[in-house]
>>> print(open('input-v8.txt').read())   # compact mmCIF, C-alpha atoms and all ligand atoms
# COMPACT_ATOMS: atom_id res chain seq x y z
CA MET A 1 312.83 91.03 -17.67
CA ALA A 2 310.54 90.08 -14.77
CA GLU A 3 311.61 87.66 -12.09
CA PHE A 4 309.99 84.27 -11.71
CA PRO A 5 309.05 82.37 -8.62
CA LYS A 6 309.73 78.88 -9.89
CA LEU A 7 311.58 76.98 -12.55
CA TRP A 8 311.55 73.28 -13.15
CA ARG A 9 314.39 71.15 -14.31
CA VAL A 10 313.83 67.97 -16.25
CA LYS A 11 316.08 65.08 -15.43
CA LYS A 12 316.20 61.37 -15.91
CA SER A 13 315.49 59.30 -12.83
CA ASP A 14 317.34 56.04 -12.23
CA SER A 15 314.61 54.14 -14.06
CA GLY A 16 315.06 56.40 -17.07
CA VAL A 17 311.71 58.11 -16.53
CA LEU A 18 311.56 61.81 -17.19
CA CYS A 19 310.46 63.71 -14.16
CA ALA A 20 310.11 67.35 -13.29
CA MET A 21 311.62 68.98 -10.26
CA GLU A 22 310.23 72.28 -9.05
CA THR A 23 313.09 74.43 -7.81
CA HIS A 24 312.81 77.87 -6.27
CA ARG A 25 314.79 80.31 -8.37
CA PRO A 26 313.56 83.80 -7.51
CA ASN A 27 316.34 85.53 -9.46
CA ALA A 28 316.12 83.58 -12.68
CA THR A 29 317.78 85.35 -15.58
CA ALA A 30 316.00 85.88 -18.88
CA ASP A 31 318.11 83.14 -20.47
CA GLN A 32 317.19 80.66 -17.73
CA VAL A 33 313.53 81.42 -18.25
CA LEU A 34 313.77 81.04 -22.01
CA LEU A 35 315.65 77.75 -21.67
CA ASP A 36 313.01 76.52 -19.23
CA VAL A 37 310.35 77.33 -21.80
CA VAL A 38 312.33 75.54 -24.54
CA ARG A 39 312.69 72.51 -22.29
CA SER A 40 308.91 72.27 -22.05
CA GLY A 41 308.77 72.38 -25.85
CA VAL A 42 311.21 69.48 -26.06
CA LEU A 43 308.86 67.42 -23.85
CA ALA A 44 306.18 67.65 -26.57
CA PRO A 45 305.52 64.57 -28.70
CA SER A 46 307.13 64.16 -32.12
CA ALA A 47 306.66 61.48 -34.74
CA ASP A 48 309.30 58.81 -33.96
CA ASN A 49 310.67 60.83 -31.01
CA GLU A 50 312.85 63.02 -33.25
CA HIS A 51 312.17 66.75 -33.00
CA VAL A 52 312.31 68.61 -36.29
CA PHE A 53 313.43 71.93 -34.76
CA ARG A 54 316.55 73.51 -33.33
CA PHE A 55 316.40 76.62 -31.13
CA SER A 56 318.28 79.79 -30.33
CA VAL A 57 317.40 82.38 -27.67
CA SER A 58 317.99 86.12 -27.61
CA GLU A 59 316.75 88.70 -25.09
CA GLN A 60 313.01 88.05 -24.96
CA SER A 61 312.59 85.67 -27.86
CA ILE A 62 313.05 82.08 -28.93
CA ASP A 63 313.78 81.29 -32.57
CA LEU A 64 312.95 77.88 -33.99
CA TRP A 65 314.96 76.59 -36.94
CA PRO A 66 314.55 73.39 -38.95
CA SER A 67 316.82 70.49 -38.05
CA PRO A 68 319.15 69.46 -40.92
CA GLU A 69 317.08 66.28 -41.41
CA TYR A 70 313.80 68.22 -41.59
CA SER A 71 315.29 70.71 -44.06
CA ALA A 72 316.08 67.77 -46.33
CA THR A 73 312.62 66.19 -45.96
CA LEU A 74 310.52 66.55 -49.09
CA GLN A 75 307.86 63.91 -48.62
CA ARG A 76 304.54 65.58 -47.98
CA HIS A 77 303.38 63.31 -45.17
CA ARG A 78 306.72 63.67 -43.33
CA ARG A 79 306.55 67.48 -43.68
CA VAL A 80 303.02 67.47 -42.23
CA LEU A 81 304.02 65.14 -39.36
CA GLY A 82 306.75 67.68 -38.58
CA GLN A 83 304.23 70.54 -38.62
CA LEU A 84 301.89 68.64 -36.28
CA SER A 85 304.74 68.14 -33.85
CA LEU A 86 305.84 71.78 -34.13
CA GLY A 87 302.33 72.86 -33.23
CA ALA A 88 302.57 70.71 -30.08
CA VAL A 89 306.06 72.06 -29.25
CA VAL A 90 304.99 75.69 -29.49
CA GLN A 91 301.81 74.90 -27.54
CA ASN A 92 303.91 73.50 -24.69
CA MET A 93 306.22 76.51 -24.78
CA THR A 94 303.26 78.92 -24.69
CA LEU A 95 301.68 77.08 -21.77
CA ARG A 96 304.90 76.99 -19.76
CA ALA A 97 305.63 80.66 -20.48
CA GLY A 98 302.09 81.46 -19.30
CA GLN A 99 302.70 79.55 -16.09
CA LEU A 100 305.84 81.65 -15.54
CA GLY A 101 303.94 84.90 -16.06
CA PHE A 102 304.43 85.60 -19.77
CA VAL A 103 302.31 85.87 -22.86
CA VAL A 104 303.79 84.60 -26.10
CA ARG A 105 303.33 86.08 -29.55
CA VAL A 106 304.22 83.55 -32.24
CA LYS A 107 305.24 84.48 -35.77
CA TRP A 108 305.26 81.49 -38.12
CA TYR A 109 307.34 81.51 -41.29
CA PHE A 110 305.73 79.26 -43.85
CA GLY A 111 303.70 79.72 -47.01
CA ALA A 112 303.62 83.41 -47.98
CA ASN A 113 305.75 84.45 -44.94
CA GLU A 114 308.49 81.88 -45.53
CA GLY A 115 310.98 84.34 -47.06
CA GLU A 116 310.72 86.77 -44.10
CA GLY A 117 312.13 84.30 -41.58
CA ASN A 118 315.64 83.89 -43.06
CA GLY A 119 315.28 80.15 -42.67
CA ARG A 120 313.46 80.22 -39.32
CA LEU A 121 310.34 78.15 -38.75
CA ALA A 122 308.97 80.45 -36.07
CA LYS A 123 309.78 83.23 -33.62
CA LEU A 124 308.26 83.35 -30.12
CA ILE A 125 308.33 86.73 -28.37
CA LEU A 126 307.67 86.71 -24.63
CA THR A 127 306.25 89.73 -22.81
CA PRO A 128 305.19 89.92 -19.15
CA ALA A 129 301.51 89.06 -18.65
CA SER A 130 299.20 91.40 -16.80
CA GLY A 131 297.16 88.67 -15.08
CA MET A 132 297.27 85.04 -14.03
CA SER A 133 297.41 82.34 -16.72
CA GLU A 134 294.16 80.37 -17.06
CA THR A 135 296.02 77.37 -18.47
CA ALA A 136 298.45 76.73 -15.60
CA GLY A 137 296.71 73.38 -15.01
CA LEU A 138 297.56 72.16 -18.51
CA ALA A 139 301.14 73.41 -18.14
CA SER A 140 301.57 71.52 -14.88
CA VAL A 141 301.02 68.12 -16.55
CA ILE A 142 303.45 68.67 -19.46
CA PRO A 143 306.05 66.31 -17.91
CA LYS A 144 303.39 63.68 -17.13
CA ARG A 145 302.10 63.29 -20.72
CA HIS A 146 303.38 60.21 -22.53
CA THR A 147 302.28 58.02 -25.42
CA ASN A 148 300.63 54.89 -24.03
CA ARG A 149 300.51 51.90 -26.41
CA LYS A 150 299.04 49.46 -23.89
CA MET A 151 295.55 48.06 -24.49
CA TYR A 152 292.89 50.38 -23.06
CA PHE A 153 289.85 49.43 -21.06
CA GLY A 154 286.33 50.91 -20.72
CA PRO A 155 283.95 52.43 -19.78
CA THR A 156 283.27 54.86 -22.62
CA LEU A 157 284.20 58.45 -21.96
CA THR A 158 281.66 60.42 -19.91
CA GLN A 159 279.87 63.48 -21.27
CA MET A 160 281.92 65.57 -18.86
CA GLU A 161 285.19 64.12 -20.18
CA ILE A 162 284.17 64.62 -23.83
CA ALA A 163 283.09 68.21 -23.10
CA THR A 164 286.41 68.94 -21.35
CA LEU A 165 288.39 67.62 -24.31
CA GLN A 166 286.13 69.40 -26.80
CA ARG A 167 286.82 72.73 -25.05
CA GLN A 168 290.46 72.44 -26.14
CA VAL A 169 289.50 73.13 -29.77
CA ASN A 170 286.71 75.66 -29.15
CA ASP A 171 288.90 78.71 -29.73
CA THR A 172 290.32 77.46 -33.03
CA ASP A 173 287.81 78.04 -35.85
CA ALA A 174 289.65 75.99 -38.45
CA VAL A 175 290.04 72.85 -36.30
CA ARG A 176 287.41 70.16 -35.69
CA LEU A 177 287.48 67.38 -33.12
CA ILE A 178 285.20 64.51 -34.11
CA TRP A 179 284.23 61.29 -32.30
CA PRO A 180 282.96 58.96 -35.07
CA GLN A 181 280.20 56.58 -34.00
CA GLY A 182 278.33 53.64 -35.58
CA ARG A 183 278.92 53.29 -39.33
CA GLU A 184 281.49 56.11 -39.41
CA ARG A 185 283.45 54.46 -36.60
CA ARG A 186 283.49 51.18 -38.55
CA ARG A 187 284.73 53.06 -41.62
CA LEU A 188 287.46 54.69 -39.56
CA LEU A 189 288.54 51.31 -38.13
CA LYS A 190 288.86 49.99 -41.67
CA LEU A 191 290.98 52.99 -42.69
CA ILE A 192 293.20 52.51 -39.64
CA TRP A 193 293.70 48.82 -40.43
CA ARG A 194 294.51 49.49 -44.05
CA ALA A 195 296.96 52.31 -43.32
CA GLU A 196 298.76 50.44 -40.51
CA SER A 197 299.05 47.40 -42.82
CA ALA A 198 300.43 49.61 -45.63
CA ARG A 199 303.28 50.64 -43.35
CA PHE A 200 304.56 47.04 -43.64
CA LEU A 201 303.61 46.49 -47.29
CA ASP A 202 305.43 49.42 -48.84
CA GLN A 203 309.24 49.34 -48.79
CA GLN A 204 309.70 53.04 -48.11
CA LEU A 205 307.19 53.05 -45.23
CA HIS A 206 308.70 49.83 -43.88
CA GLN A 207 312.10 51.52 -43.83
CA GLU A 208 310.55 54.59 -42.10
CA ILE A 209 309.02 52.55 -39.31
CA PHE A 210 311.86 50.14 -38.59
CA SER A 211 314.63 52.73 -38.83
CA SER A 212 312.92 54.61 -35.98
CA ILE A 213 313.06 51.67 -33.54
CA ARG A 214 316.14 51.28 -31.32
CA PHE A 215 316.65 47.51 -31.62
CA ASP A 216 320.15 48.03 -30.18
CA LEU A 217 318.44 48.50 -26.79
CA SER A 218 316.89 45.85 -24.59
CA TRP A 219 313.10 45.85 -24.16
CA ASP A 220 313.23 47.42 -20.69
CA LYS A 221 315.39 50.43 -21.54
CA THR A 222 314.39 53.95 -22.52
CA SER A 223 316.08 56.02 -25.22
CA ASP A 224 316.50 59.74 -25.62
CA TRP A 225 316.00 59.61 -29.38
CA ALA A 226 313.85 57.39 -31.61
CA LEU A 227 311.57 54.70 -30.15
CA PRO A 228 312.69 52.36 -27.39
CA PRO A 229 311.30 48.92 -28.36
CA GLY A 230 309.73 48.48 -24.91
CA ALA A 231 307.46 51.51 -25.55
CA LEU A 232 305.77 49.57 -28.37
CA GLU A 233 304.14 47.18 -25.84
CA ILE A 234 304.68 44.11 -28.03
CA GLU A 235 303.82 40.85 -26.28
CA LEU A 236 306.85 38.79 -25.16
CA PRO A 237 306.31 35.81 -27.56
CA MET A 238 305.84 38.18 -30.54
CA ARG A 239 309.05 40.14 -30.02
CA PRO A 240 311.48 37.89 -31.98
CA LEU A 241 309.08 37.79 -34.96
CA PHE A 242 308.60 41.55 -34.89
CA LYS A 243 312.37 42.07 -34.77
CA ALA A 244 312.82 39.71 -37.73
CA LEU A 245 310.34 41.76 -39.77
CA ARG A 246 312.83 44.63 -39.98
CA SER A 247 314.48 42.73 -42.85
CA TRP A 248 312.70 43.96 -45.99
CA PRO A 249 313.31 40.72 -48.00
CA MET A 250 311.74 38.76 -45.12
CA MET A 251 308.81 41.17 -44.82
CA ARG A 252 308.26 41.14 -48.59
CA MET A 253 308.21 37.36 -48.65
CA LEU A 254 305.75 37.16 -45.73
CA ASN A 255 303.57 39.83 -47.30
CA ARG A 256 302.78 37.35 -50.10
CA LEU A 257 300.99 35.37 -47.39
CA GLY A 258 299.22 38.49 -46.15
CA VAL A 259 301.31 38.96 -42.99
CA HIS A 260 301.10 42.78 -43.34
CA HIS A 261 297.34 42.47 -42.68
CA LEU A 262 298.05 40.61 -39.44
CA VAL A 263 300.66 43.11 -38.29
CA GLY A 264 298.31 46.00 -39.19
CA LEU A 265 295.56 44.25 -37.24
CA ARG A 266 297.69 44.06 -34.10
CA ALA A 267 299.26 47.52 -34.52
CA GLY A 268 296.12 49.43 -35.49
CA LEU A 269 292.77 47.68 -35.72
CA LEU A 270 292.73 45.80 -32.40
CA PRO A 271 293.94 48.62 -30.14
CA ALA A 272 291.62 51.11 -31.89
CA TRP A 273 288.62 48.77 -31.87
CA GLN A 274 288.75 48.00 -28.15
CA ALA A 275 289.55 51.58 -27.05
CA PRO A 276 286.66 53.38 -25.33
CA GLY A 277 287.21 56.44 -27.54
CA LEU A 278 288.46 57.16 -31.07
CA GLY A 279 289.02 60.78 -32.02
CA VAL A 280 289.83 62.56 -35.27
CA ILE A 281 291.30 66.07 -35.48
CA ALA A 282 290.80 67.82 -38.82
CA THR A 283 291.49 71.17 -40.43
CA THR A 284 289.28 73.20 -42.72
CA ARG A 285 292.31 75.04 -44.13
CA ALA A 286 293.66 74.37 -47.60
CA PRO A 287 296.51 73.88 -48.23
CA VAL A 288 296.86 72.13 -44.90
CA ASP A 289 300.26 73.47 -43.74
CA GLY A 290 299.05 76.23 -41.36
CA GLY A 291 296.19 73.94 -40.40
CA ALA A 292 298.62 71.18 -39.43
CA ILE A 293 300.31 73.47 -36.91
CA GLU A 294 296.92 74.38 -35.39
CA VAL A 295 295.89 70.72 -35.30
CA GLY A 296 299.19 69.86 -33.56
CA ALA A 297 298.55 72.56 -30.94
CA CYS A 298 294.98 71.30 -30.37
CA MET A 299 296.20 67.70 -30.18
CA GLN A 300 298.60 68.74 -27.44
CA ARG A 301 295.93 70.58 -25.43
CA ILE A 302 293.60 67.58 -25.79
CA TRP A 303 296.42 65.25 -24.69
CA LEU A 304 297.32 67.38 -21.64
CA SER A 305 293.66 67.71 -20.73
CA ALA A 306 293.28 63.91 -21.03
CA THR A 307 296.34 63.51 -18.79
CA GLN A 308 294.66 65.70 -16.17
CA LEU A 309 291.57 63.48 -16.41
CA GLY A 310 293.67 60.33 -15.91
CA LEU A 311 293.13 59.18 -19.51
CA SER A 312 295.75 57.71 -21.85
CA ILE A 313 296.25 58.54 -25.55
CA GLN A 314 298.02 56.93 -28.51
CA PRO A 315 298.17 58.84 -31.81
CA LEU A 316 297.46 56.65 -34.85
CA ALA A 317 298.49 59.08 -37.55
CA ALA A 318 298.92 56.79 -40.55
CA SER A 319 295.32 56.71 -41.83
CA ALA A 320 295.19 60.51 -41.83
CA VAL A 321 298.63 61.45 -43.16
CA LEU A 322 299.46 58.65 -45.62
CA PRO A 323 296.93 59.86 -48.21
CA LEU A 324 299.13 63.00 -48.42
CA ARG A 325 301.98 60.90 -49.84
CA SER A 326 300.42 60.91 -53.29
CA GLU A 327 300.87 64.71 -53.40
CA SER A 328 304.67 64.45 -53.31
CA SER A 329 305.66 61.29 -55.10
CA ASP A 330 305.03 59.08 -58.07
CA LEU A 331 303.87 56.19 -55.94
CA THR A 332 303.29 52.82 -57.43
CA VAL A 333 301.49 51.70 -54.27
CA ASP A 334 299.14 54.21 -52.73
CA PRO A 335 298.53 52.76 -49.27
CA ALA A 336 295.49 54.88 -48.65
CA THR A 337 294.00 54.33 -52.15
CA SER A 338 291.47 56.68 -53.65
CA ASP A 339 288.44 55.24 -51.86
CA ALA A 340 290.08 56.18 -48.54
CA ASN A 341 289.31 59.76 -49.50
CA ASN A 342 285.66 58.84 -50.02
CA SER A 343 285.47 57.23 -46.58
CA TRP A 344 287.14 60.24 -45.00
CA ALA A 345 284.69 62.57 -46.73
CA SER A 346 281.81 60.84 -44.97
CA ILE A 347 283.59 60.70 -41.58
CA VAL A 348 284.81 64.32 -41.67
CA PRO A 349 282.79 66.28 -44.26
CA ASN A 350 284.44 69.45 -45.65
CA ALA A 351 287.67 69.12 -43.67
CA THR A 352 291.00 67.32 -43.97
CA PRO A 353 291.77 64.82 -41.18
CA LEU A 354 295.36 65.13 -39.92
CA MET A 355 295.35 63.16 -36.68
CA VAL A 356 293.57 60.09 -35.36
CA PHE A 357 294.00 58.95 -31.77
CA ARG A 358 292.64 56.36 -29.39
CA ILE A 359 291.85 57.29 -25.81
CA GLY A 360 290.90 55.42 -22.66
CA ARG A 361 292.04 54.14 -19.32
CA ALA A 362 295.20 52.02 -19.17
CA LYS A 363 298.00 50.86 -16.96
CA PRO A 364 301.08 53.14 -17.18
CA PRO A 365 303.37 52.53 -20.18
CA SER A 366 306.08 49.88 -19.63
CA VAL A 367 308.79 52.20 -20.97
CA ILE A 368 308.63 55.96 -21.49
CA SER A 369 310.65 57.68 -24.22
CA SER A 370 313.04 60.30 -22.92
CA ARG A 371 314.73 63.23 -24.68
CA ARG A 372 318.24 64.22 -25.70
CA PRO A 373 320.01 66.86 -23.56
CA LEU A 374 318.76 70.39 -24.31
CA SER A 375 322.09 71.37 -25.87
CA ASP A 376 321.51 68.82 -28.66
CA TYR A 377 318.53 70.88 -29.84
CA SER A 378 320.53 74.09 -29.93
CA TRP A 379 320.84 75.70 -33.37
CA SER A 380 324.40 75.86 -34.64
CA GLY A 381 323.75 78.32 -37.49
C1 LIG A 401 302.60 63.94 -35.38
C2 LIG A 401 302.74 62.71 -34.53
C3 LIG A 401 302.39 61.47 -35.05
C4 LIG A 401 302.50 60.33 -34.26
N1 LIG A 401 302.09 59.13 -34.78
C5 LIG A 401 302.15 58.03 -34.00
C6 LIG A 401 301.63 56.79 -34.49
O1 LIG A 401 301.14 56.70 -35.61
N2 LIG A 401 301.70 55.70 -33.67
C7 LIG A 401 302.23 55.78 -32.42
O2 LIG A 401 302.27 54.77 -31.73
N3 LIG A 401 302.73 56.95 -31.92
C8 LIG A 401 302.69 58.06 -32.69
N4 LIG A 401 303.14 59.26 -32.20
C9 LIG A 401 303.72 59.33 -30.84
C10 LIG A 401 305.25 59.46 -30.90
O3 LIG A 401 305.83 58.25 -31.31
C11 LIG A 401 305.73 59.89 -29.52
O4 LIG A 401 305.23 61.16 -29.26
C12 LIG A 401 307.25 59.94 -29.39
O5 LIG A 401 307.79 58.67 -29.54
C13 LIG A 401 307.67 60.51 -28.03
O6 LIG A 401 307.08 59.78 -26.98
P1 LIG A 401 306.14 60.48 -25.90
O7 LIG A 401 304.90 60.93 -26.60
O8 LIG A 401 305.86 59.39 -24.90
O9 LIG A 401 306.86 61.63 -25.30
C14 LIG A 401 303.02 60.42 -32.95
C15 LIG A 401 303.36 61.68 -32.44
C16 LIG A 401 303.22 62.82 -33.22
C17 LIG A 401 303.56 64.15 -32.65
>>> encode(input="input-v8.txt", output="structure tokens")
Amino acid sequence: MAEFPKLWRVKKSDSGVLCAMETHRPNATADQVLLDVVRSGVLAPSADNEHVFRFSVSEQSIDLWPSPEYSATLQRHRRVLGQLSLGAVVQNMTLRAGQLGFVVRVKWYFGANEGEGNGRLAKLILTPASGMSETAGLASVIPKRHTNRKMYFGPTLTQMEIATLQRQVNDTDAVRLIWPQGRERRRLLKLIWRAESARFLDQQLHQEIFSSIRFDLSWDKTSDWALPPGALEIELPMRPLFKALRSWPMMRMLNRLGVHHLVGLRAGLLPAWQAPGLGVIATTRAPVDGGAIEVGACMQRIWLSATQLGLSIQPLAASAVLPLRSESSDLTVDPATSDANNSWASIVPNATPLMVFRIGRAKPPSVISSRRPLSDYSWSG
């Protein structure tokens, strides 16, 4: 395998912030290169900071396998969240491999191909590239991309910024990036509010959200799995109340007074309403599974491109993915309700929305999530 001029190592600084170190390693072995590529994949975002894949490397390829938890996940919206994240992971790996002088061929094993993979999710085969990678700029900001849940400030995005972000989906026929305006934007804000409120109204969703927050940590500490509470950017006086809401009996009682609407307002409506930009990424594929992987890859390119432009992003996935819950369960409470689908049809005609995000300028996040050591993502067979 070819030699590579540079490798980076990801480490935790004293403040817990992930940072990249460029180190000169002219005689890197194939395994070192593959592990470097995997490490870039691990830096991709995942719902609740829990990657759904495990990896193994052999000669020139990287195999991705489902984590035990993801294998056991049946709920449709959780499966799709996993696929979105996998798309971002493989996008990062492809970009980093390109920066190191490789092209990546990806074979996905889902739908009709599922049986061929012997349980794998995907196989990435690296071969030496003949020319320079055109996406080295995106690869170089992989370690700098983080979710930012602070309030954003204006001005609205410039035409140049929108065009730069839009270019990230141009090569993917089945993916659309939409910036709802006027009446459609108001409809989207309503959907966001309703879905973020539903996450506190429904017992199963309440359990999902609160079980992913590391309340065992103080508000200034990072965590290498799940969400450090400090990353949620909750105002100091609100923190004790928010922590108390993790008790379902307490939440259920307060919901009778409509408290879920207030929490949904703070978690979704307010930050989305005052953000200079609100984007929706949708797929025209049906069923959405392959489309979700493509949307995840596009989301990641958009996010890295935004990072290059000095813009911050927070995904707000609930309004897009919660309507999928009704496909996999006998829900008594459908948080998205049937008229959500009508609103979506007017915001994104003839496509299925899978990701909503807000974008703008912001101060750096108070706390950045970190990642487990690479060995924890290794597949044990
Ligand atoms: C598919 C997907 C859905 C996500 N949904 C949300 C969301 O609804 N709200 C939110 O604040 N963050 C959301 N995130 C961001 C993750 O919580 C975040 O990526 C993870 O905690 C790791 O942090 P990092 O992005 O700073 O590396 C989502 C990320 C992915 C990939």
>>> residues_around(input="input-v8.txt", residues="Arg105 of chain A", least_positions_apart="5", cutoff="7 Å", atoms="all atoms listed in the file", output="ChimeraX atom specification")
/A:124-126
>>> residues_near_point(input="input-v8.txt", point="(311.1, 78.4, -28.2)", cutoff="10 Å", atoms="all atoms listed in the file", output="MDAnalysis selection string")
chainID A and resid 34:42 53:57 61:65 89:94 97 104 106 122:126
>>> atom_distance(input="input-v8.txt", atom1="atom CA of Arg361 of chain A", atom2="atom CA of Pro276 of chain A")
8.1 Å
>>> closest_residue(input="input-v8.txt", among="A:Thr127, A:Gln308, A:Gln207, A:Ser370", to="ligand LIG 401 (chain A)", atoms="all atoms listed in the file")
A:Ser370
>>> residues_near_ligand(input="input-v8.txt", ligand="ligand LIG 401 (chain A)", cutoff="8 Å", atoms="only C-alpha atoms and all ligand atoms", output="PyMOL selection string")
chain A and resi 43-50+80-85+88+145-149+226-227+232+296+314-318+355+368-370
>>> atom_distance(input="input-v8.txt", atom1="atom CA of Leu304 of chain A", atom2="atom CA of Ile142 of chain A")
6.6 Å
>>> atom_distance(input="input-v8.txt", atom1="atom CA of Arg120 of chain A", atom2="atom CA of Trp225 of chain A")
23.0 Å
>>> closest_residue(input="input-v8.txt", among="A:Leu262, A:Ala320, A:Ala198, A:Ile347", to="Ala292 of chain A", atoms="all atoms listed in the file")
A:Ala320
>>> closest_residue(input="input-v8.txt", among="A:Ser305, A:Arg183, A:Pro271, A:Arg246", to="Leu205 of chain A", atoms="all atoms listed in the file")
A:Arg246
>>> closest_residue(input="input-v8.txt", among="A:Arg78, A:Arg371, A:Lys363, A:Arg187", to="Glu208 of chain A", atoms="all atoms listed in the file")
A:Arg78
>>> closest_residue(input="input-v8.txt", among="A:Ser312, A:Ser197, A:Ser212, A:Gln181", to="Arg358 of chain A", atoms="all atoms listed in the file")
A:Ser312
>>> residues_near_point(input="input-v8.txt", point="(307.0, 80.0, -42.2)", cutoff="12 Å", atoms="only C-alpha atoms", output="PyMOL selection string")
chain A and resi 63-66+83+86+106-123+289-290+293
>>> write_last_selection(input="input-v8.txt", atoms="C-alpha atoms", output="PDB file, in the frame of the given file")
ATOM      1  CA  ASP A  63     313.780  81.290 -32.570  1.00  0.00           C
ATOM      2  CA  LEU A  64     312.950  77.880 -33.990  1.00  0.00           C
ATOM      3  CA  TRP A  65     314.960  76.590 -36.940  1.00  0.00           C
ATOM      4  CA  PRO A  66     314.550  73.390 -38.950  1.00  0.00           C
ATOM      5  CA  GLN A  83     304.230  70.540 -38.620  1.00  0.00           C
ATOM      6  CA  LEU A  86     305.840  71.780 -34.130  1.00  0.00           C
ATOM      7  CA  VAL A 106     304.220  83.550 -32.240  1.00  0.00           C
ATOM      8  CA  LYS A 107     305.240  84.480 -35.770  1.00  0.00           C
ATOM      9  CA  TRP A 108     305.260  81.490 -38.120  1.00  0.00           C
ATOM     10  CA  TYR A 109     307.340  81.510 -41.290  1.00  0.00           C
ATOM     11  CA  PHE A 110     305.730  79.260 -43.850  1.00  0.00           C
ATOM     12  CA  GLY A 111     303.700  79.720 -47.010  1.00  0.00           C
ATOM     13  CA  ALA A 112     303.620  83.410 -47.980  1.00  0.00           C
ATOM     14  CA  ASN A 113     305.750  84.450 -44.940  1.00  0.00           C
ATOM     15  CA  GLU A 114     308.490  81.880 -45.530  1.00  0.00           C
ATOM     16  CA  GLY A 115     310.980  84.340 -47.060  1.00  0.00           C
ATOM     17  CA  GLU A 116     310.720  86.770 -44.100  1.00  0.00           C
ATOM     18  CA  GLY A 117     312.130  84.300 -41.580  1.00  0.00           C
ATOM     19  CA  ASN A 118     315.640  83.890 -43.060  1.00  0.00           C
ATOM     20  CA  GLY A 119     315.280  80.150 -42.670  1.00  0.00           C
ATOM     21  CA  ARG A 120     313.460  80.220 -39.320  1.00  0.00           C
ATOM     22  CA  LEU A 121     310.340  78.150 -38.750  1.00  0.00           C
ATOM     23  CA  ALA A 122     308.970  80.450 -36.070  1.00  0.00           C
ATOM     24  CA  LYS A 123     309.780  83.230 -33.620  1.00  0.00           C
ATOM     25  CA  ASP A 289     300.260  73.470 -43.740  1.00  0.00           C
ATOM     26  CA  GLY A 290     299.050  76.230 -41.360  1.00  0.00           C
ATOM     27  CA  ILE A 293     300.310  73.470 -36.910  1.00  0.00           C
TER      28      ILE A 293
END
>>> closest_residue(input="input-v8.txt", among="A:Val263, A:Leu311, A:Ala136, A:Met251", to="Thr156 of chain A", atoms="all atoms listed in the file")
A:Leu311
>>> residues_around(input="input-v8.txt", residues="Glu184 of chain A", least_positions_apart="5", cutoff="10 Å", atoms="all atoms listed in the file", output="VMD selection string")
chain A and resid 179 189 to 190 343 to 344 346 to 348
>>> residues_around(input="input-v8.txt", residues="segment 239-245 of chain A", least_positions_apart="4", cutoff="9 Å", atoms="only C-alpha atoms", output="PyMOL selection string")
chain A and resi 200+210+215+234-235+249-251+254+263
